[in-house]
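> To be precise about what I am sending: the file is called upload_10.txt and holds compact mmCIF, C-alpha atoms.
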# COMPACT_ATOMS: atom_id res chain seq x y z
CA MET B 1 257.47 180.58 206.79
CA SER B 2 257.23 183.98 205.25
CA SER B 3 254.43 186.03 203.81
CA PRO B 4 254.94 187.86 200.50
CA SER B 5 257.87 190.22 200.74
CA HIS B 6 257.57 193.96 200.38
CA VAL B 7 260.60 194.51 198.16
CA ALA B 8 260.23 196.89 195.22
CA GLU B 9 258.97 195.48 191.91
CA THR B 10 262.31 196.13 190.19
CA PRO B 11 263.03 193.71 187.31
CA ILE B 12 266.17 191.60 187.63
CA THR B 13 268.34 191.54 184.52
CA ASP B 14 271.73 190.46 185.88
CA ARG B 15 272.99 187.82 188.35
CA ASN B 16 275.19 190.52 189.91
CA GLU B 17 272.03 192.20 191.19
CA LEU B 18 271.29 189.08 193.23
CA VAL B 19 274.79 189.12 194.69
CA ALA B 20 274.38 192.81 195.50
CA THR B 21 271.20 192.01 197.41
CA LEU B 22 273.15 189.83 199.84
CA ALA B 23 276.01 192.35 200.05
CA SER B 24 273.50 195.08 200.92
CA GLY B 25 272.95 193.33 204.25
CA GLU B 26 276.40 194.37 205.46
CA LYS B 27 276.29 196.61 208.54
CA PRO B 28 278.92 198.10 210.85
CA LYS B 29 279.02 196.39 214.23
CA ALA B 30 277.29 199.33 215.93
CA HIS B 31 274.24 198.62 213.77
CA TRP B 32 274.06 194.86 214.32
CA ARG B 33 270.67 193.78 215.58
CA ILE B 34 268.86 190.67 216.85
CA GLY B 35 265.67 189.32 215.29
CA THR B 36 264.04 186.42 217.13
CA GLU B 37 261.28 184.26 215.68
CA HIS B 38 259.32 181.47 217.31
CA GLU B 39 256.33 179.26 216.52
CA LYS B 40 253.82 177.57 218.81
CA PHE B 41 250.95 175.10 218.59
CA GLY B 42 247.44 176.22 219.39
CA PHE B 43 244.98 173.83 221.00
CA ARG B 44 241.39 173.94 222.23
CA LEU B 45 241.19 173.59 225.98
CA ASP B 46 238.23 171.20 225.93
CA ASP B 47 239.48 168.56 223.49
CA LEU B 48 243.14 169.56 222.88
CA ARG B 49 242.55 169.66 219.11
CA PRO B 50 244.28 172.30 216.99
CA PRO B 51 241.95 175.19 216.15
CA THR B 52 240.79 175.63 212.58
CA PHE B 53 241.15 178.93 210.77
CA ASP B 54 237.42 179.66 210.71
CA GLY B 55 234.89 179.86 213.51
CA ASP B 56 234.30 181.68 216.76
CA ARG B 57 237.31 179.91 218.31
CA GLY B 58 239.44 179.84 215.19
CA ILE B 59 242.85 181.26 214.38
CA GLU B 60 241.39 184.21 212.46
CA ALA B 61 239.32 185.12 215.51
CA LEU B 62 242.52 185.05 217.56
CA LEU B 63 244.32 187.31 215.10
CA ASN B 64 241.41 189.72 215.04
CA GLY B 65 241.35 189.70 218.83
CA LEU B 66 245.02 190.67 218.95
CA THR B 67 244.29 193.88 217.06
CA ARG B 68 243.19 195.38 220.40
CA PHE B 69 246.93 195.61 221.14
CA ASN B 70 247.49 197.88 218.12
CA TRP B 71 248.47 195.12 215.72
CA GLU B 72 247.48 195.99 212.14
CA PRO B 73 245.80 193.17 210.18
CA VAL B 74 247.22 191.84 206.91
CA GLN B 75 244.71 190.25 204.59
CA GLU B 76 244.79 187.74 201.76
CA GLY B 77 241.59 187.06 199.85
CA GLY B 78 239.66 189.18 202.31
CA ARG B 79 240.77 187.13 205.35
CA THR B 80 243.12 188.17 208.15
CA ILE B 81 246.22 185.98 207.79
CA ALA B 82 248.86 188.07 209.61
CA LEU B 83 249.47 191.10 211.84
CA VAL B 84 252.16 193.80 211.86
CA ARG B 85 253.34 196.24 214.54
CA ASP B 86 256.52 198.25 215.11
CA GLY B 87 258.71 196.16 212.81
CA ALA B 88 257.36 192.83 214.09
CA SER B 89 254.76 190.49 212.62
CA VAL B 90 252.50 187.66 213.70
CA THR B 91 252.05 185.10 210.93
CA LEU B 92 250.61 181.64 210.44
CA GLU B 93 252.38 178.43 209.61
CA PRO B 94 250.45 175.99 207.38
CA ALA B 95 248.43 174.30 210.14
CA GLY B 96 247.86 177.46 212.13
CA GLN B 97 251.03 177.39 214.24
CA LEU B 98 251.30 180.98 215.42
CA GLU B 99 254.63 182.68 214.70
CA LEU B 100 256.07 185.87 216.13
CA SER B 101 258.71 187.37 213.85
CA GLY B 102 260.28 189.91 216.13
CA ALA B 103 261.61 193.33 215.29
CA ALA B 104 265.33 193.97 214.82
CA LEU B 105 266.40 194.83 218.38
CA GLU B 106 269.65 195.79 220.08
CA SER B 107 269.78 193.32 222.97
CA ILE B 108 268.54 190.02 224.30
CA HIS B 109 266.86 191.98 227.08
CA GLN B 110 264.70 193.71 224.48
CA THR B 111 263.90 190.59 222.48
CA CYS B 112 262.91 188.79 225.68
CA VAL B 113 260.55 191.61 226.65
CA GLU B 114 259.12 191.52 223.14
CA THR B 115 258.56 187.76 223.33
CA GLY B 116 257.04 187.93 226.79
CA THR B 117 254.72 190.77 225.78
CA HIS B 118 253.54 188.81 222.77
CA LEU B 119 252.90 185.66 224.81
CA ASN B 120 250.91 187.67 227.36
CA GLU B 121 248.80 189.26 224.64
CA VAL B 122 248.14 185.89 223.02
CA ALA B 123 247.25 184.37 226.40
CA GLN B 124 244.67 187.08 227.07
CA VAL B 125 242.88 186.60 223.75
CA ALA B 126 243.28 182.81 223.76
CA ALA B 127 241.69 182.54 227.21
CA GLU B 128 238.56 184.26 225.90
CA LEU B 129 238.41 181.75 223.04
CA GLN B 130 239.15 178.78 225.32
CA LEU B 131 242.43 178.16 223.51
CA GLY B 132 245.92 177.41 224.77
CA PHE B 133 249.39 177.44 223.19
CA LEU B 134 252.26 175.01 223.55
CA GLY B 135 255.94 175.35 222.69
CA MET B 136 257.50 172.09 221.47
CA GLY B 137 259.32 170.98 218.34
CA PHE B 138 256.69 168.54 217.10
CA GLN B 139 252.95 168.13 217.63
CA PRO B 140 252.85 165.50 220.41
CA LYS B 141 249.32 164.15 219.98
CA TRP B 142 247.61 164.71 216.64
CA SER B 143 248.15 163.01 213.28
CA ARG B 144 248.87 164.80 210.03
CA ALA B 145 245.25 164.19 209.00
CA ASP B 146 244.05 165.94 212.18
CA MET B 147 245.86 169.16 211.36
CA PRO B 148 243.94 172.00 209.70
CA TRP B 149 245.23 174.03 206.77
CA MET B 150 245.39 177.80 206.64
CA PRO B 151 244.04 179.62 203.55
CA LYS B 152 247.35 180.98 202.25
CA GLY B 153 248.17 180.63 198.57
CA ARG B 154 251.80 179.62 199.00
CA TYR B 155 250.82 176.78 201.32
CA ARG B 156 248.43 175.31 198.76
CA ILE B 157 251.29 175.16 196.25
CA MET B 158 253.73 173.69 198.76
CA ARG B 159 251.15 171.15 199.96
CA GLU B 160 250.82 169.74 196.46
CA TYR B 161 254.57 169.79 195.74
CA MET B 162 255.99 168.38 198.99
CA PRO B 163 254.95 164.72 198.48
CA LYS B 164 256.86 164.71 195.18
CA VAL B 165 260.22 165.42 196.83
CA GLY B 166 260.15 163.77 200.29
CA GLN B 167 258.15 161.67 202.73
CA LEU B 168 257.99 164.13 205.62
CA GLY B 169 257.49 167.55 204.02
CA LEU B 170 253.84 167.74 204.98
CA ASP B 171 254.77 166.93 208.56
CA MET B 172 257.32 169.75 208.45
CA MET B 173 254.58 172.11 207.32
CA THR B 174 251.84 171.07 209.70
CA ARG B 175 253.38 169.50 212.80
CA THR B 176 256.65 171.32 213.60
CA CYS B 177 257.56 174.45 215.53
CA THR B 178 260.95 176.13 215.86
CA VAL B 179 262.71 179.10 217.39
CA GLN B 180 265.36 180.92 215.40
CA VAL B 181 267.44 184.06 215.53
CA ASN B 182 268.50 186.34 212.68
CA LEU B 183 271.88 188.04 213.00
CA ASP B 184 273.92 190.56 211.02
CA TYR B 185 277.36 190.57 209.44
CA ALA B 186 279.82 193.37 208.70
CA THR B 187 281.54 192.17 205.54
CA GLU B 188 281.55 189.19 203.21
CA ALA B 189 284.46 187.69 205.15
CA ASP B 190 282.56 188.18 208.42
CA MET B 191 279.50 186.52 206.90
CA VAL B 192 281.58 183.55 205.76
CA LYS B 193 283.16 183.02 209.17
CA LYS B 194 279.82 183.30 210.98
CA PHE B 195 278.14 181.01 208.45
CA ARG B 196 280.78 178.32 208.90
CA VAL B 197 280.79 178.50 212.70
CA SER B 198 277.01 178.49 213.01
CA LEU B 199 276.51 175.73 210.46
CA ALA B 200 279.06 173.48 212.18
CA LEU B 201 277.50 174.16 215.59
CA GLN B 202 273.87 173.95 214.49
CA PRO B 203 273.64 170.29 215.59
CA ILE B 204 274.78 171.38 219.04
CA ALA B 205 271.87 173.80 219.24
CA THR B 206 269.58 171.00 218.03
CA ALA B 207 270.83 168.80 220.87
CA LEU B 208 270.48 171.47 223.58
CA PHE B 209 266.96 172.42 222.51
CA ALA B 210 265.73 168.91 221.68
CA ASP B 211 262.04 168.81 222.59
CA SER B 212 260.05 166.64 220.20
CA PRO B 213 259.98 163.06 221.48
CA PHE B 214 256.33 162.19 220.79
CA THR B 215 254.34 161.36 217.65
CA GLU B 216 250.60 160.77 217.90
CA GLY B 217 250.77 160.23 221.62
CA LYS B 218 253.71 157.79 221.72
CA PRO B 219 257.49 158.09 221.99
CA ASN B 220 258.92 158.26 218.47
CA GLY B 221 262.47 157.14 219.24
CA TYR B 222 263.89 160.63 218.72
CA LEU B 223 264.68 163.52 221.03
CA SER B 224 264.34 166.07 218.23
CA TYR B 225 261.97 164.52 215.74
CA ARG B 226 261.49 167.99 214.24
CA SER B 227 265.14 167.97 213.23
CA HIS B 228 264.85 164.48 211.77
CA ILE B 229 261.91 165.58 209.62
CA TRP B 230 264.15 167.96 207.70
CA THR B 231 266.26 165.01 206.51
CA ASP B 232 263.35 163.74 204.38
CA THR B 233 261.56 166.92 203.35
CA ASP B 234 263.21 168.14 200.12
CA ALA B 235 266.91 167.50 199.50
CA ASP B 236 267.07 170.31 196.94
CA ARG B 237 266.52 172.98 199.60
CA THR B 238 267.63 171.54 202.95
CA GLY B 239 270.76 170.29 204.64
CA MET B 240 274.24 171.25 205.82
CA LEU B 241 275.49 173.06 202.66
CA ASP B 242 278.94 171.50 202.37
CA PHE B 243 280.01 174.18 199.88
CA VAL B 244 280.00 176.78 202.67
CA PHE B 245 283.24 175.25 203.94
CA GLU B 246 284.94 175.22 200.54
CA ASP B 247 287.58 177.75 199.51
CA GLY B 248 286.11 180.74 197.74
CA PHE B 249 282.71 180.59 199.39
CA GLY B 250 280.91 183.93 199.48
CA TYR B 251 277.85 185.75 198.22
CA GLU B 252 278.26 184.52 194.64
CA ARG B 253 278.40 180.87 195.60
CA TYR B 254 275.29 181.21 197.74
CA VAL B 255 273.45 182.93 194.89
CA ASP B 256 274.37 180.02 192.62
CA TYR B 257 272.97 177.62 195.21
CA LEU B 258 269.71 179.56 195.40
CA LEU B 259 269.43 179.69 191.63
CA ASP B 260 269.54 175.88 191.64
CA VAL B 261 266.81 175.58 194.31
CA PRO B 262 263.56 174.79 192.45
CA MET B 263 260.92 177.48 192.69
CA TYR B 264 257.59 177.26 194.46
CA PHE B 265 255.73 180.31 193.14
CA SER B 266 255.73 183.86 191.85
CA TYR B 267 253.43 186.26 193.69
CA ARG B 268 251.94 188.84 191.32
CA ASP B 269 248.89 191.08 191.49
CA GLY B 270 247.74 189.36 194.66
CA VAL B 271 247.94 185.88 193.09
CA TYR B 272 250.34 183.01 193.78
CA HIS B 273 251.33 181.53 190.41
CA ASP B 274 252.36 177.89 190.80
CA ALA B 275 255.96 177.57 189.59
CA SER B 276 256.76 174.52 191.72
CA GLY B 277 259.79 172.65 190.44
CA GLN B 278 260.59 175.31 187.83
CA SER B 279 263.92 177.13 187.49
CA PHE B 280 264.73 180.65 188.63
CA ARG B 281 267.50 180.62 186.02
CA ASP B 282 264.81 180.15 183.34
CA PHE B 283 262.80 182.92 184.97
CA MET B 284 265.74 185.30 184.52
CA GLN B 285 265.69 184.52 180.81
CA GLY B 286 261.96 185.11 180.49
CA LYS B 287 261.39 181.39 180.04
CA LEU B 288 259.40 180.46 183.15
CA PRO B 289 256.63 178.14 181.90
CA VAL B 290 253.99 179.53 184.26
CA LEU B 291 254.78 183.16 183.30
CA PRO B 292 256.18 183.05 179.74
CA GLY B 293 258.03 186.21 178.79
CA ALA B 294 257.98 187.64 182.32
CA LEU B 295 261.18 188.60 184.11
CA PRO B 296 261.63 188.21 187.87
CA THR B 297 261.59 191.19 190.18
CA LEU B 298 263.56 191.77 193.35
CA ARG B 299 260.42 190.73 195.22
CA ASP B 300 260.42 187.41 193.37
CA TRP B 301 264.03 186.94 194.43
CA SER B 302 263.28 187.92 198.03
CA ASP B 303 260.39 185.43 198.09
CA HIS B 304 262.55 182.73 196.51
CA MET B 305 265.23 183.16 199.19
CA THR B 306 262.60 182.21 201.80
CA THR B 307 261.91 178.87 200.06
CA ALA B 308 265.35 177.41 200.80
CA PHE B 309 265.47 175.67 204.19
CA PRO B 310 269.08 174.79 205.07
CA GLU B 311 270.25 174.53 208.67
CA VAL B 312 271.57 178.10 208.38
CA ARG B 313 270.01 180.43 205.81
CA LEU B 314 271.50 183.56 204.29
CA LYS B 315 269.30 186.45 203.24
CA LYS B 316 270.43 189.96 204.15
CA TYR B 317 271.31 188.38 207.48
CA LEU B 318 272.04 184.89 208.78
CA GLU B 319 269.23 182.74 210.21
CA MET B 320 269.96 180.03 212.80
CA ARG B 321 267.38 177.29 212.12
CA GLY B 322 268.36 174.25 214.19
CA ALA B 323 266.32 174.47 217.41
CA ASP B 324 263.00 173.07 218.61
CA ALA B 325 260.53 175.56 220.05
CA GLY B 326 260.01 175.64 223.79
CA PRO B 327 259.06 177.78 226.80
CA TRP B 328 259.83 181.48 227.21
CA SER B 329 263.20 180.82 228.90
CA ARG B 330 264.49 178.86 225.90
CA LEU B 331 262.99 181.34 223.44
CA CYS B 332 265.35 183.84 225.09
CA ALA B 333 268.24 181.39 225.38
CA LEU B 334 268.44 180.65 221.65
CA PRO B 335 269.29 184.22 220.58
CA ALA B 336 271.55 184.56 223.63
CA PHE B 337 273.47 181.46 222.58
CA TRP B 338 274.14 182.68 219.05
CA VAL B 339 274.72 186.33 219.93
CA GLY B 340 277.26 185.22 222.51
CA LEU B 341 279.06 183.11 219.94
CA LEU B 342 278.89 185.38 216.90
CA TYR B 343 278.70 189.03 218.04
CA ASP B 344 281.92 189.02 220.10
CA GLU B 345 285.13 188.62 218.11
CA THR B 346 286.97 186.69 220.81
CA ALA B 347 284.06 184.28 221.15
CA LEU B 348 283.76 183.91 217.38
CA ASP B 349 287.45 183.02 217.18
CA ALA B 350 287.08 180.50 220.01
CA ALA B 351 284.01 178.97 218.37
CA TRP B 352 285.89 178.68 215.08
CA ASP B 353 288.78 176.98 216.88
CA LEU B 354 286.24 174.50 218.28
CA VAL B 355 284.88 173.49 214.86
CA LYS B 356 287.48 174.34 212.22
CA ASP B 357 288.94 170.84 212.02
CA PHE B 358 285.58 169.06 211.85
CA SER B 359 285.62 166.93 208.72
CA LEU B 360 282.72 166.79 206.29
CA LEU B 361 281.92 163.31 207.57
CA GLU B 362 281.95 164.51 211.19
CA ARG B 363 279.67 167.44 210.42
CA HIS B 364 277.20 165.09 208.78
CA ALA B 365 277.50 162.53 211.58
CA LEU B 366 276.57 165.25 214.05
CA ARG B 367 273.64 166.44 211.93
CA ASP B 368 272.34 162.91 211.38
CA GLY B 369 272.90 161.67 214.94
CA VAL B 370 271.63 164.40 217.23
CA PRO B 371 267.93 164.10 216.30
CA ARG B 372 267.89 160.67 217.93
CA GLN B 373 270.61 160.95 220.60
CA ALA B 374 271.05 164.69 221.24
CA MET B 375 273.82 165.27 223.79
CA ASN B 376 274.40 161.53 224.19
CA LEU B 377 275.77 161.18 220.66
CA PRO B 378 279.41 160.01 220.72
CA PHE B 379 281.88 162.42 219.15
CA ARG B 380 285.61 161.76 218.95
CA ASN B 381 286.74 160.94 222.49
CA GLY B 382 283.61 162.20 224.17
CA THR B 383 280.03 163.16 223.38
CA VAL B 384 278.05 166.05 221.99
CA ARG B 385 277.47 167.06 225.60
CA ASP B 386 281.16 167.97 225.78
CA LEU B 387 280.82 170.15 222.69
CA ALA B 388 277.67 171.72 224.10
CA ARG B 389 279.39 172.53 227.39
CA GLU B 390 282.25 174.24 225.60
CA ALA B 391 279.95 176.13 223.20
CA VAL B 392 277.79 177.44 226.05
CA LYS B 393 280.91 178.46 227.98
CA ILE B 394 282.16 180.45 224.97
CA ALA B 395 278.74 182.06 224.53
CA VAL B 396 278.53 183.09 228.20
CA ALA B 397 281.93 184.76 227.99
CA GLY B 398 280.95 186.46 224.74
CA LEU B 399 277.84 187.95 226.31
CA GLN B 400 279.77 189.07 229.36
CA ARG B 401 282.30 190.89 227.17
CA ARG B 402 279.45 192.34 225.10
CA ALA B 403 278.19 193.87 228.35
CA ALA B 404 274.74 194.86 227.13
CA ARG B 405 273.06 195.61 230.45
CA ASN B 406 269.46 196.06 231.50
CA ALA B 407 268.15 198.66 233.93
CA ASP B 408 269.27 196.47 236.85
CA GLY B 409 272.84 196.26 235.54
CA GLN B 410 272.59 192.62 234.42
CA ASP B 411 274.36 191.59 231.26
CA GLU B 412 272.79 189.09 228.84
CA SER B 413 274.66 186.00 230.03
CA HIS B 414 271.97 185.01 232.57
CA PHE B 415 269.70 184.08 229.64
CA LEU B 416 272.00 181.08 229.16
CA ASP B 417 271.37 179.72 232.66
CA VAL B 418 268.74 177.34 231.26
CA LEU B 419 271.25 175.90 228.78
CA GLN B 420 273.93 175.55 231.43
CA GLU B 421 271.46 173.58 233.53
CA ILE B 422 270.66 171.31 230.57
CA VAL B 423 274.36 170.64 229.98
CA GLU B 424 275.17 170.01 233.62
CA SER B 425 272.18 167.73 234.18
CA GLY B 426 272.77 165.91 230.91
CA LEU B 427 269.00 165.89 230.32
CA THR B 428 267.37 167.54 227.35
CA PRO B 429 263.79 168.86 227.55
CA ALA B 430 262.73 165.82 225.52
CA GLU B 431 264.26 163.40 228.01
CA ARG B 432 262.50 165.16 230.89
CA LYS B 433 259.15 164.79 229.11
CA LEU B 434 259.84 161.14 228.37
CA ALA B 435 260.50 160.54 232.08
CA LEU B 436 257.15 162.14 232.89
CA TYR B 437 255.44 160.09 230.19
CA HIS B 438 256.80 156.84 231.63
CA GLY B 439 256.18 158.01 235.19
CA GLU B 440 253.43 160.25 236.54
CA TRP B 441 251.71 160.71 233.17
CA ASN B 442 251.09 156.94 232.91
CA GLN B 443 252.02 156.84 229.21
CA ASN B 444 249.60 159.60 228.27
CA VAL B 445 250.81 162.77 226.52
CA ASP B 446 247.72 164.84 227.34
CA PRO B 447 249.27 166.39 230.48
CA VAL B 448 251.85 168.15 228.31
CA PHE B 449 249.12 170.56 227.19
CA SER B 450 248.48 171.73 230.73
CA GLN B 451 251.89 171.41 232.35
CA PHE B 452 253.88 173.00 229.52
CA ALA B 453 251.44 175.47 227.97
CA TYR B 454 252.42 179.14 227.87
Here is the file; what I need is its structure written in the form of structure tokens.

Amino acid sequence: MSSPSHVAETPITDRNELVATLASGEKPKAHWRIGTEHEKFGFRLDDLRPPTFDGDRGIEALLNGLTRFNWEPVQEGGRTIALVRDGASVTLEPAGQLELSGAALESIHQTCVETGTHLNEVAQVAAELQLGFLGMGFQPKWSRADMPWMPKGRYRIMREYMPKVGQLGLDMMTRTCTVQVNLDYATEADMVKKFRVSLALQPIATALFADSPFTEGKPNGYLSYRSHIWTDTDADRTGMLDFVFEDGFGYERYVDYLLDVPMYFSYRDGVYHDASGQSFRDFMQGKLPVLPGALPTLRDWSDHMTTAFPEVRLKKYLEMRGADAGPWSRLCALPAFWVGLLYDETALDAAWDLVKDFSLLERHALRDGVPRQAMNLPFRNGTVRDLAREAVKIAVAGLQRRAARNADGQDESHFLDVLQEIVESGLTPAERKLALYHGEWNQNVDPVFSQFAY
């Protein structure tokens, strides 16, 4: 989740300005970039509990320790709640999950180096604090009540609002971790095609990356419980966005969707004003109850765009949001998968051919079924595994044609080796952990914190 945006305080007086904001994201192909984000769970090495914000071994101490690597602290209320460096940021999710929001980079090689560098820096500081970090989609051991809360104003507002609109929103906030990639588009038509392809294939990514089979130390019956949580978080701001596949979809239709997403807050003068459940349309008329007479600014709009949580999100770029977090190899594989599919025209056409005749019911059946069954979910005359195999094949070819090579002459396609192995074995990361749980772990999840920590 985002911190306050740094967009200019320009008042919004016309809906067309909101449309223009999305259109301003258009870039020629030569300027397309890759922004990778991932979250991870912290835990204390002695008792495996999540660290609090305060204290000698707390999350703020970790953030302050990272400043030795030339990260600049960002403060809220006099406390360090984020870090920035070279176009990247380290931020906190509500229960202290640590997030790297990477810089906009040219290749998967670069984003993988960035991710690995960050994980090494975190490991150095964490070791001094007797902390560890784990990449999974859902907190495997601790209950919602065991999770701490970070002192960020927007999270206080969301914490109070979430129980009004769903049963699992607080779990989404405190007990989930994801990896996502942010990608560019050239034109409105290019955005539409990429949006449709990525939205239809998002359940396939969910299946490939499924890694959240435990809740409070026991199997929960799902392979991606993180993905299931989004189905009962807040229907007003989540889901598969059926309108994306309708004729005439474009920037204007997405703006109308966002205008109908209830607000959370307006951030002004260093204060989060609670506007939860109120209307951005009213705001544009100076009729927002919490700020009567005030008009929204472009920063308000930028902040509001971050409070919609569909499977694919449009800002000035497209965000792929369907995957569970995991180890370094899969943190690199997720951007490789989507870059291979979307940044090569031949691959994009092939991916569209794969999904263009999916019906609305089929798209929803995929979205609703993969959290529990992942690649084993039946689809037409086969399974999701068949779709995953074809999607990975298209992505590999796309990366090979893209031919972005590192110093050793390798293209980016080798970052998909881990996904090819998952497809060929038929076993998701979640299923591998379940086998360990029922085998050598003797029905105890504690070993996950040592065997799968970064």
> Extract, using all atoms listed in the file, all DNA, RNA and protein residues at most 10 Å from Thr21 of chain B, discarding same-chain residues fewer than 5 positions from it, and format them as a list in words.
Asn16, Glu26, Tyr251, Val255, Leu298, Trp301, Ser302, Lys315 and Lys316 of chain B
> B:Leu291, B:Leu258, B:Ala189, B:Met172: which is nearest Thr231 of chain B, counting only C-alpha atoms?
B:Met172
> I'd like the contact shell of segment 423-440 of chain B - 7 Å cut-off, only C-alpha atoms, skipping same-chain residues fewer than 5 positions apart - returned as a CSV table (one decimal) with C-alpha atoms, in the coordinates of the input.

chain,number,residue,atom,x,y,z
B,208,LEU,CA,270.5,171.5,223.6
B,209,PHE,CA,267.0,172.4,222.5
B,210,ALA,CA,265.7,168.9,221.7
B,211,ASP,CA,262.0,168.8,222.6
B,212,SER,CA,260.0,166.6,220.2
B,213,PRO,CA,260.0,163.1,221.5
B,223,LEU,CA,264.7,163.5,221.0
B,385,ARG,CA,277.5,167.1,225.6
B,388,ALA,CA,277.7,171.7,224.1
B,389,ARG,CA,279.4,172.5,227.4
B,445,VAL,CA,250.8,162.8,226.5
> Between atom CA of Gly102 of chain B and atom CA of Glu37 of chain B, what is the spacing in Å?
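These two atoms are separated by 5.8 Å.
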> Could you check which residues have any atom within 10 Å of (258.1, 189.7, 191.1), counting all atoms listed in the file with coordinates taken straight from the file, and then list them as a ChimeraX atom specification?
/B:5,7-12,265-269,294-304
